[in-house]
file query.cif (mmCIF, C-alpha atoms)
data_structure
loop_
_atom_site.label_atom_id
_atom_site.label_comp_id
_atom_site.auth_asym_id
_atom_site.auth_seq_id
_atom_site.Cartn_x
_atom_site.Cartn_y
_atom_site.Cartn_z
CA MET A 155 190.96 165.31 222.23
CA GLY A 156 190.42 167.58 219.23
CA PHE A 157 191.90 170.48 221.11
CA TRP A 158 195.21 168.70 221.69
CA LYS A 159 195.40 167.47 218.15
CA ALA A 160 194.80 170.93 216.75
CA TRP A 161 197.22 172.41 219.20
CA PHE A 162 200.08 170.10 218.30
CA SER A 163 199.60 170.48 214.60
CA ASN A 164 199.88 174.25 215.07
CA PRO A 165 203.04 175.18 217.00
CA GLU A 166 201.95 178.83 216.91
CA ALA A 167 199.30 177.89 219.43
CA ILE A 168 202.00 177.46 222.06
CA THR A 169 202.03 180.69 223.96
CA THR A 170 205.08 181.72 225.92
CA ALA A 171 205.10 184.40 228.56
CA LYS A 172 208.64 185.47 229.36
CA ASN A 173 209.37 186.51 232.92
CA THR A 174 205.92 187.91 233.46
CA PHE A 175 202.31 186.99 233.48
CA VAL A 176 201.31 190.23 231.81
CA GLU A 177 201.73 188.66 228.40
CA GLU A 178 199.83 185.65 229.60
CA GLU A 179 196.97 187.74 230.90
CA LYS A 180 196.69 189.48 227.54
CA ILE A 181 196.62 186.16 225.76
CA ASN A 182 194.17 184.81 228.24
CA ALA A 183 191.88 187.79 227.66
CA LYS A 184 192.20 187.33 223.92
CA ALA A 185 191.40 183.64 224.19
CA ASN A 186 188.33 184.42 226.22
CA LYS A 187 187.20 187.02 223.73
CA LYS A 188 187.48 184.47 220.98
CA ASN A 189 185.73 182.03 223.24
CA VAL A 190 188.54 179.49 222.88
CA GLY A 191 188.20 178.89 226.59
CA ASN A 192 190.97 176.33 226.96
CA HIS A 193 194.62 176.53 226.06
CA ILE A 194 198.13 175.86 227.33
CA ILE A 195 200.68 178.49 228.19
CA PHE A 196 204.30 178.39 229.29
CA SER A 197 205.96 180.83 231.64
CA THR A 198 209.40 181.55 233.07
CA GLU A 199 207.90 183.57 235.90
CA ARG A 200 209.24 182.09 239.15
CA GLU A 201 206.58 183.42 241.50
CA ILE A 202 204.85 180.06 241.63
CA ASP A 203 202.42 179.08 244.35
CA LEU A 204 204.44 176.44 246.22
CA TYR A 205 201.32 174.58 247.32
CA GLN A 206 200.19 174.21 243.71
CA LEU A 207 203.66 172.93 242.85
CA GLU A 208 203.55 170.50 245.76
CA GLU A 209 200.16 169.25 244.55
CA LEU A 210 201.63 168.66 241.09
CA CYS A 211 204.60 166.77 242.53
CA ASP A 212 202.27 164.77 244.79
CA ALA A 213 200.26 163.79 241.70
CA VAL A 214 203.31 162.05 240.20
CA GLY A 215 204.22 160.44 243.50
CA TRP A 216 207.37 162.38 244.35
CA SER A 217 208.45 162.51 247.98
CA ARG A 218 207.60 165.76 249.66
CA ARG A 219 210.35 168.29 250.22
CA PRO A 220 210.42 171.16 252.70
CA LEU A 221 208.76 174.15 251.00
CA ARG A 222 211.44 176.45 252.45
CA LYS A 223 214.05 174.51 250.46
CA VAL A 224 211.87 174.33 247.32
CA LYS A 225 211.51 178.13 247.51
CA LYS A 226 215.28 178.55 247.81
CA ALA A 227 215.92 176.13 244.93
CA ILE A 228 213.52 178.04 242.67
CA GLU A 229 215.10 181.36 243.62
CA HIS A 230 218.56 180.05 242.76
CA SER A 231 217.68 178.18 239.61
CA PHE A 232 218.85 179.76 236.37
CA LEU A 233 215.61 178.96 234.64
CA VAL A 234 212.19 178.00 235.96
CA VAL A 235 209.55 176.91 233.50
CA SER A 236 205.94 176.24 234.31
CA MET A 237 203.17 174.96 232.07
CA TRP A 238 199.58 176.00 232.68
CA GLN A 239 196.20 174.94 231.44
CA VAL A 240 194.09 178.03 231.01
CA GLN A 241 190.34 177.55 231.18
CA ASN A 242 188.47 180.80 230.81
CA THR A 243 189.79 182.93 233.72
CA GLN A 244 191.34 180.05 235.64
CA LYS A 245 194.81 178.64 235.24
CA HIS A 246 196.08 175.33 236.55
CA LEU A 247 199.71 174.31 236.97
CA ILE A 248 200.15 171.15 234.90
CA GLY A 249 203.90 171.05 234.32
CA PHE A 250 207.16 172.27 235.73
CA ALA A 251 210.91 172.07 235.23
CA ARG A 252 213.92 174.08 236.28
CA ALA A 253 217.60 174.32 235.45
CA THR A 254 220.72 175.23 237.38
CA SER A 255 223.52 176.85 235.42
CA ASP A 256 226.79 178.74 235.48
CA HIS A 257 225.13 181.24 233.08
CA ALA A 258 227.92 180.58 230.57
CA PHE A 259 228.60 176.97 229.56
CA ASN A 260 226.45 174.42 231.36
CA ALA A 261 222.89 173.97 232.45
CA THR A 262 221.44 170.99 234.27
CA ILE A 263 217.71 170.35 234.13
CA TRP A 264 215.93 169.15 237.28
CA ASP A 265 212.42 168.32 238.46
CA VAL A 266 210.73 167.79 235.10
CA VAL A 267 207.12 166.99 235.84
CA VAL A 268 203.87 166.82 233.86
CA HIS A 269 200.57 166.13 235.61
CA PRO A 270 199.47 162.50 234.96
CA LYS A 271 196.17 163.75 233.45
CA PHE A 272 198.19 165.62 230.81
CA GLN A 273 200.80 162.94 230.12
CA GLY A 274 200.95 160.99 226.85
CA LYS A 275 199.90 164.06 224.83
CA GLY A 276 203.38 165.25 223.87
CA LEU A 277 203.28 168.08 226.41
CA GLY A 278 206.47 166.91 228.15
CA LYS A 279 208.21 167.20 224.83
CA VAL A 280 206.93 170.72 224.24
CA LEU A 281 207.93 171.69 227.78
CA MET A 282 211.46 170.37 227.16
CA GLN A 283 211.68 172.08 223.77
CA TYR A 284 210.64 175.31 225.45
CA ILE A 285 213.42 174.91 228.05
CA LEU A 286 216.03 174.11 225.41
CA LYS A 287 214.96 177.16 223.42
CA GLN A 288 215.30 179.36 226.51
CA LEU A 289 218.73 177.93 227.35
CA ARG A 290 219.93 178.36 223.78
CA SER A 291 218.80 181.98 223.80
CA GLU A 292 221.15 182.44 226.79
CA GLU A 293 224.05 180.92 224.83
CA ILE A 294 224.20 177.80 227.01
CA SER A 295 225.66 175.10 224.81
CA ASN A 296 225.93 172.11 227.14
CA VAL A 297 222.63 170.97 228.59
CA THR A 298 222.64 168.00 230.93
CA LEU A 299 220.20 166.06 233.03
CA PHE A 300 219.90 162.86 235.02
CA ALA A 301 217.20 160.61 233.62
CA ASP A 302 215.40 157.78 235.37
CA PRO A 303 215.60 154.55 233.32
CA ASP A 304 211.98 154.83 232.14
CA VAL A 305 212.47 158.29 230.60
CA VAL A 306 215.87 157.77 228.93
CA GLU A 307 214.12 157.04 225.63
CA PHE A 308 211.94 160.14 225.97
CA TYR A 309 215.01 162.35 226.37
CA GLN A 310 216.75 160.55 223.52
CA SER A 311 213.85 161.50 221.27
CA LEU A 312 214.66 165.13 222.13
CA GLY A 313 218.32 164.72 221.16
CA PHE A 314 219.81 163.98 224.58
CA MET A 315 222.58 161.38 224.55
CA PRO A 316 223.23 158.97 227.42
CA ASP A 317 226.93 158.58 228.35
CA PRO A 318 228.37 160.32 225.25
CA GLU A 319 231.95 159.12 224.72
CA GLY A 320 231.61 157.06 227.89
CA ILE A 321 231.03 160.10 230.14
CA LYS A 322 229.25 158.86 233.25
CA GLY A 323 226.73 160.70 235.35
CA MET A 324 227.74 160.12 238.97
CA PHE A 325 226.02 160.81 242.30
CA TRP A 326 227.28 161.35 245.79
CA TYR A 327 225.02 161.33 248.82
CA PRO A 328 226.08 162.01 252.41
CA HIS A 329 226.60 158.92 254.55
CA MET B 270 258.69 163.64 248.21
CA GLY B 271 258.96 163.64 252.00
CA PHE B 272 256.85 166.79 252.12
CA TRP B 273 253.90 165.18 250.40
CA LYS B 274 254.12 162.08 252.52
CA ALA B 275 254.20 164.10 255.72
CA TRP B 276 251.39 166.26 254.48
CA PHE B 277 249.06 163.40 253.66
CA SER B 278 249.68 161.59 256.90
CA ASN B 279 248.67 164.78 258.71
CA PRO B 280 245.29 166.07 257.50
CA GLU B 281 245.69 169.08 259.80
CA ALA B 282 248.33 170.34 257.40
CA ILE B 283 245.59 171.03 254.86
CA THR B 284 244.89 174.69 255.20
CA THR B 285 241.56 176.10 254.08
CA ALA B 286 240.90 179.75 253.52
CA LYS B 287 237.20 180.42 253.34
CA ASN B 288 236.09 183.24 251.05
CA THR B 289 239.20 185.27 251.70
CA PHE B 290 242.90 185.18 251.37
CA VAL B 291 243.42 186.89 254.71
CA GLU B 292 243.53 183.56 256.48
CA GLU B 293 245.82 182.27 253.80
CA GLU B 294 248.19 185.20 254.16
CA LYS B 295 248.37 184.63 257.90
CA ILE B 296 249.18 180.97 257.39
CA ASN B 297 251.67 181.84 254.73
CA ALA B 298 253.41 184.27 257.07
CA LYS B 299 253.44 181.64 259.78
CA ALA B 300 254.88 179.08 257.43
CA ASN B 301 257.61 181.49 256.43
CA LYS B 302 258.40 182.21 260.05
CA LYS B 303 258.76 178.51 260.71
CA ASN B 304 260.77 178.27 257.56
CA VAL B 305 258.48 175.55 256.18
CA GLY B 306 258.66 177.36 252.87
CA ASN B 307 256.38 175.06 250.90
CA HIS B 308 252.82 174.02 251.52
CA ILE B 309 249.42 173.61 249.91
CA ILE B 310 246.39 175.73 250.63
CA PHE B 311 242.78 175.64 249.48
CA SER B 312 240.58 178.64 248.92
CA THR B 313 236.98 179.42 248.00
CA GLU B 314 237.93 182.95 246.98
CA ARG B 315 236.66 183.48 243.44
CA GLU B 316 238.90 186.37 242.46
CA ILE B 317 241.20 184.10 240.46
CA ASP B 318 243.62 185.37 237.83
CA LEU B 319 241.99 184.03 234.66
CA TYR B 320 245.32 183.77 232.87
CA GLN B 321 246.70 181.55 235.63
CA LEU B 322 243.57 179.42 235.35
CA GLU B 323 243.94 179.24 231.58
CA GLU B 324 247.57 178.16 232.03
CA LEU B 325 246.45 175.39 234.38
CA CYS B 326 243.78 174.20 231.92
CA ASP B 327 246.30 174.38 229.07
CA ALA B 328 248.64 172.15 231.10
CA VAL B 329 246.04 169.35 231.12
CA GLY B 330 245.24 169.87 227.44
CA TRP B 331 241.74 171.32 227.72
CA SER B 332 240.45 173.35 224.80
CA ARG B 333 240.60 177.07 225.41
CA ARG B 334 237.41 178.90 226.29
CA PRO B 335 236.67 182.62 225.99
CA LEU B 336 237.87 184.28 229.22
CA ARG B 337 234.74 186.43 229.24
CA LYS B 338 232.64 183.28 229.55
CA VAL B 339 234.99 181.68 232.09
CA LYS B 340 234.66 184.85 234.22
CA LYS B 341 230.86 184.68 233.98
CA ALA B 342 230.84 180.96 234.83
CA ILE B 343 232.99 181.56 237.92
CA GLU B 344 230.78 184.45 239.03
CA HIS B 345 227.68 182.29 238.74
CA SER B 346 229.07 179.12 240.23
CA PHE B 347 227.81 178.26 243.69
CA LEU B 348 231.25 177.19 244.83
CA VAL B 349 234.69 177.83 243.39
CA VAL B 350 237.64 176.00 244.90
CA SER B 351 241.26 176.61 244.06
CA MET B 352 244.36 174.78 245.28
CA TRP B 353 247.65 176.60 245.60
CA GLN B 354 251.23 175.65 246.17
CA VAL B 355 252.78 178.23 248.44
CA GLN B 356 256.53 178.61 248.26
CA ASN B 357 257.82 181.31 250.58
CA THR B 358 255.96 184.44 249.42
CA GLN B 359 254.84 183.02 246.05
CA LYS B 360 251.70 181.07 245.35
CA HIS B 361 250.96 179.00 242.27
CA LEU B 362 247.55 177.77 241.14
CA ILE B 363 247.82 173.97 240.92
CA GLY B 364 244.20 172.87 241.12
CA PHE B 365 240.68 174.08 240.51
CA ALA B 366 237.07 172.95 240.58
CA ARG B 367 233.68 174.62 240.74
CA ALA B 368 230.08 173.65 241.33
CA THR B 369 226.74 174.95 240.12
CA SER B 370 223.82 174.56 242.48
CA ASP B 371 220.25 175.50 243.34
CA HIS B 372 221.57 176.35 246.85
CA ALA B 373 219.10 173.84 248.31
CA PHE B 374 219.14 170.29 246.97
CA ASN B 375 221.62 169.72 244.16
CA ALA B 376 225.13 170.65 243.22
CA THR B 377 226.99 169.65 240.07
CA ILE B 378 230.77 169.73 240.04
CA TRP B 379 232.55 170.96 236.89
CA ASP B 380 236.07 171.65 235.67
CA VAL B 381 238.01 169.54 238.16
CA VAL B 382 241.67 170.00 237.30
CA VAL B 383 245.00 169.28 239.00
CA HIS B 384 248.27 170.38 237.37
CA PRO B 385 250.05 167.34 235.83
CA LYS B 386 253.14 168.00 237.97
CA PHE B 387 250.98 167.57 241.06
CA GLN B 388 248.94 164.59 239.90
CA GLY B 389 249.35 161.12 241.39
CA LYS B 390 249.96 162.52 244.86
CA GLY B 391 246.41 162.27 246.15
CA LEU B 392 245.82 166.00 245.75
CA GLY B 393 242.80 165.54 243.48
CA LYS B 394 241.23 163.48 246.22
CA VAL B 395 241.89 166.15 248.85
CA LEU B 396 240.51 168.81 246.52
CA MET B 397 237.32 166.78 246.03
CA GLN B 398 237.00 166.08 249.75
CA TYR B 399 237.34 169.81 250.36
CA ILE B 400 234.53 170.52 247.87
CA LEU B 401 232.27 167.87 249.36
CA LYS B 402 232.88 169.29 252.84
CA GLN B 403 231.96 172.78 251.62
CA LEU B 404 228.80 171.52 249.91
CA ARG B 405 227.78 169.54 252.96
CA SER B 406 228.22 172.62 255.15
CA GLU B 407 225.65 174.30 252.86
CA GLU B 408 223.19 171.42 253.39
CA ILE B 409 223.47 170.23 249.78
CA SER B 410 222.66 166.55 249.87
CA ASN B 411 222.79 165.50 246.23
CA VAL B 412 226.15 166.06 244.58
CA THR B 413 226.54 165.10 240.95
CA LEU B 414 229.17 165.25 238.24
CA PHE B 415 229.89 163.95 234.77
CA ALA B 416 233.05 161.84 234.73
CA ASP B 417 235.22 160.96 231.76
CA PRO B 418 235.73 157.18 231.51
CA ASP B 419 239.31 157.37 232.85
CA VAL B 420 238.29 159.10 236.09
CA VAL B 421 235.15 157.10 236.94
CA GLU B 422 237.19 154.89 239.27
CA PHE B 423 238.75 157.93 240.93
CA TYR B 424 235.32 159.35 241.73
CA GLN B 425 234.10 155.94 242.88
CA SER B 426 236.92 155.88 245.42
CA LEU B 427 235.41 159.10 246.80
CA GLY B 428 231.95 157.55 247.14
CA PHE B 429 230.42 158.72 243.84
CA MET B 430 228.18 156.14 242.18
CA PRO B 431 227.80 155.81 238.40
CA ASP B 432 224.19 155.37 237.20
CA PRO B 433 222.64 154.68 240.64
CA GLU B 434 219.39 152.75 240.14
CA GLY B 435 219.90 153.06 236.41
CA ILE B 436 219.78 156.89 236.42
CA LYS B 437 221.56 158.07 233.28
CA GLY B 438 223.58 161.19 232.83
CA MET B 439 222.48 162.69 229.51
CA PHE B 440 223.84 165.51 227.33
CA TRP B 441 222.31 167.77 224.76
CA TYR B 442 224.35 169.95 222.44
CA PRO B 443 222.99 172.41 219.89
CA HIS B 444 222.93 171.14 216.31
#
call {"tool": "encode", "arguments": {"input": "query.cif", "output": "structure tokens"}}
result
Amino acid sequence: MGFWKAWFSNPEAITTAKNTFVEEEKINAKANKKNVGNHIIFSTEREIDLYQLEELCDAVGWSRRPLRKVKKAIEHSFLVVSMWQVQNTQKHLIGFARATSDHAFNATIWDVVVHPKFQGKGLGKVLMQYILKQLRSEEISNVTLFADPDVVEFYQSLGFMPDPEGIKGMFWYPH
Amino acid sequence: MGFWKAWFSNPEAITTAKNTFVEEEKINAKANKKNVGNHIIFSTEREIDLYQLEELCDAVGWSRRPLRKVKKAIEHSFLVVSMWQVQNTQKHLIGFARATSDHAFNATIWDVVVHPKFQGKGLGKVLMQYILKQLRSEEISNVTLFADPDVVEFYQSLGFMPDPEGIKGMFWYPH
């Protein structure tokens, strides 16, 4: 666990690759050169292997969704963030989240997932902080989400407020 | 108020103009011919006069927002619905709502507004039903919104559920 500990005490170790894997590949190469061999990177690249994403969602027990629709949802999300474990020349998808938005005022975060093997290490928090940073850089000032009861506290620790001023999240499903 | 009564007892009287005002103009012409002179139409056309929209939002006491950002938000909304009172050859914007979406699973409805003069007549309900119908026709199955405490009951009457299974709507604002 030394790697994680060192990584969290040094925020500089979080590598972000914006909109492309080129940056990531460079970093990966660098890491290999230094023989680090194992690190975590974030990306906003949306060309994600849908089968890898499905595997990740399976791992947390989510119901399967048609890949055609997942593809469409990713294409039409404002922001797509993936988290990867890089081991030498291999990278594994270990986290994901996306946000819909009007590109001006609001963004809503959906499908936040961290692989069970990588949970409890603060990675979900870093993933969320990465998303918030991206949304802020786009001048989005109202970020919302719908939290399951067991993660309300987690999101509170990130500054999210449940029902501020009595505002209620509401859902409608077709009959 | 006979007009409103007649209108609500006859759902066929609700005219929808999808993505264009052509249909609307035809209906308007027809109405004039028949000398009806006054009716309500809905549109998904997003070329809305931003000053008219600002006037509508002013009428319900919303804080003003930069028109540049409102324009961007409308452009990047999945669905924009406006409600118009048509009197002879004039039309007045009396209601508005929009939704962001991933075009696949989720839509979130924002900025639902009905002019105070037209409130209490069931028009908000018709506006929402129109939106839900549009979203359903796009195969969106999870429709969400964030309701102020005083309109939670209104949305419940439309089938929206607050906190289903304890799911909490949460907000994050920049510090």
call {"tool": "resolve_selection", "arguments": {"input": "query.cif", "expression": "the PyMOL selection byres ((chain A) within 7 of (chain B))", "output": "VMD selection string"}}
result
chain A and resid 223 226 to 227 230 to 231 254 to 259 295 to 303 313 to 317 320 to 328
call {"tool": "axis_aligned_box", "arguments": {"input": "query.cif", "around": "range 336-349 of chain B", "padding_each_side": "6 Å", "output": "JSON"}}
result
{"center_x": 232.8, "center_y": 181.8, "center_z": 237.0, "size_x": 22.2, "size_y": 21.2, "size_z": 27.6}
call {"tool": "atom_distance", "arguments": {"input": "query.cif", "atom1": "CA of Asn307 in chain B", "atom2": "CA of Val329 in chain B"}}
result
23.0 Å
call {"tool": "atom_distance", "arguments": {"input": "query.cif", "atom1": "CA of Phe311 in chain B", "atom2": "CA of Val350 in chain B"}}
result
6.9 Å
call {"tool": "residues_near_point", "arguments": {"input": "query.cif", "point": "(192.5, 176.8, 228.2)", "cutoff": "6 Å", "atoms": "all atoms listed in the file", "output": "list of chain:residue names"}}
result
A:Gly191, A:Asn192, A:His193, A:Ile194, A:Gln239, A:Val240, A:Gln241
call {"tool": "resolve_selection", "arguments": {"input": "query.cif", "expression": "the PyMOL selection byres ((chain A and resi 204) around 8)", "output": "VMD selection string"}}
result
chain A and resid 202 to 203 205 to 208 221 224 to 225
call {"tool": "build_atoms", "arguments": {"input": "query.cif", "residues": "range 190-201 of chain A", "atoms": "N, CA, C and O atoms", "output": "compact mmCIF listing (two decimals), keeping the file's coordinate frame"}}
result
# COMPACT_ATOMS: atom_id res chain seq x y z
N VAL A 190 187.78 180.73 222.99
CA VAL A 190 188.54 179.49 222.88
C VAL A 190 188.38 178.71 224.18
O VAL A 190 188.09 177.52 224.18
N GLY A 191 188.56 179.45 225.29
CA GLY A 191 188.20 178.89 226.59
C GLY A 191 189.19 177.92 227.20
O GLY A 191 189.14 177.65 228.38
N ASN A 192 190.09 177.37 226.43
CA ASN A 192 190.97 176.33 226.96
C ASN A 192 192.24 176.29 226.14
O ASN A 192 192.22 175.97 224.98
N HIS A 193 193.34 176.68 226.76
CA HIS A 193 194.62 176.53 226.06
C HIS A 193 195.76 176.37 227.05
O HIS A 193 195.56 176.43 228.26
N ILE A 194 196.94 176.12 226.52
CA ILE A 194 198.13 175.86 227.33
C ILE A 194 199.09 177.02 227.18
O ILE A 194 199.33 177.47 226.07
N ILE A 195 199.63 177.47 228.28
CA ILE A 195 200.68 178.49 228.19
C ILE A 195 201.91 178.07 228.99
O ILE A 195 201.83 177.29 229.94
N PHE A 196 203.04 178.62 228.58
CA PHE A 196 204.30 178.39 229.29
C PHE A 196 204.74 179.72 229.90
O PHE A 196 204.48 180.78 229.34
N SER A 197 205.46 179.62 231.00
CA SER A 197 205.96 180.83 231.64
C SER A 197 207.32 180.58 232.27
O SER A 197 207.61 179.47 232.71
N THR A 198 208.15 181.64 232.33
CA THR A 198 209.40 181.55 233.07
C THR A 198 209.32 182.37 234.36
O THR A 198 210.31 182.56 235.05
N GLU A 199 208.15 182.84 234.65
CA GLU A 199 207.90 183.57 235.90
C GLU A 199 208.16 182.60 237.07
O GLU A 199 207.68 181.48 237.06
N ARG A 200 208.94 183.05 238.06
CA ARG A 200 209.24 182.09 239.15
C ARG A 200 208.43 182.30 240.41
O ARG A 200 208.66 181.63 241.42
N GLU A 201 207.48 183.23 240.35
CA GLU A 201 206.58 183.42 241.50
C GLU A 201 205.46 182.39 241.43
O GLU A 201 204.32 182.71 241.12
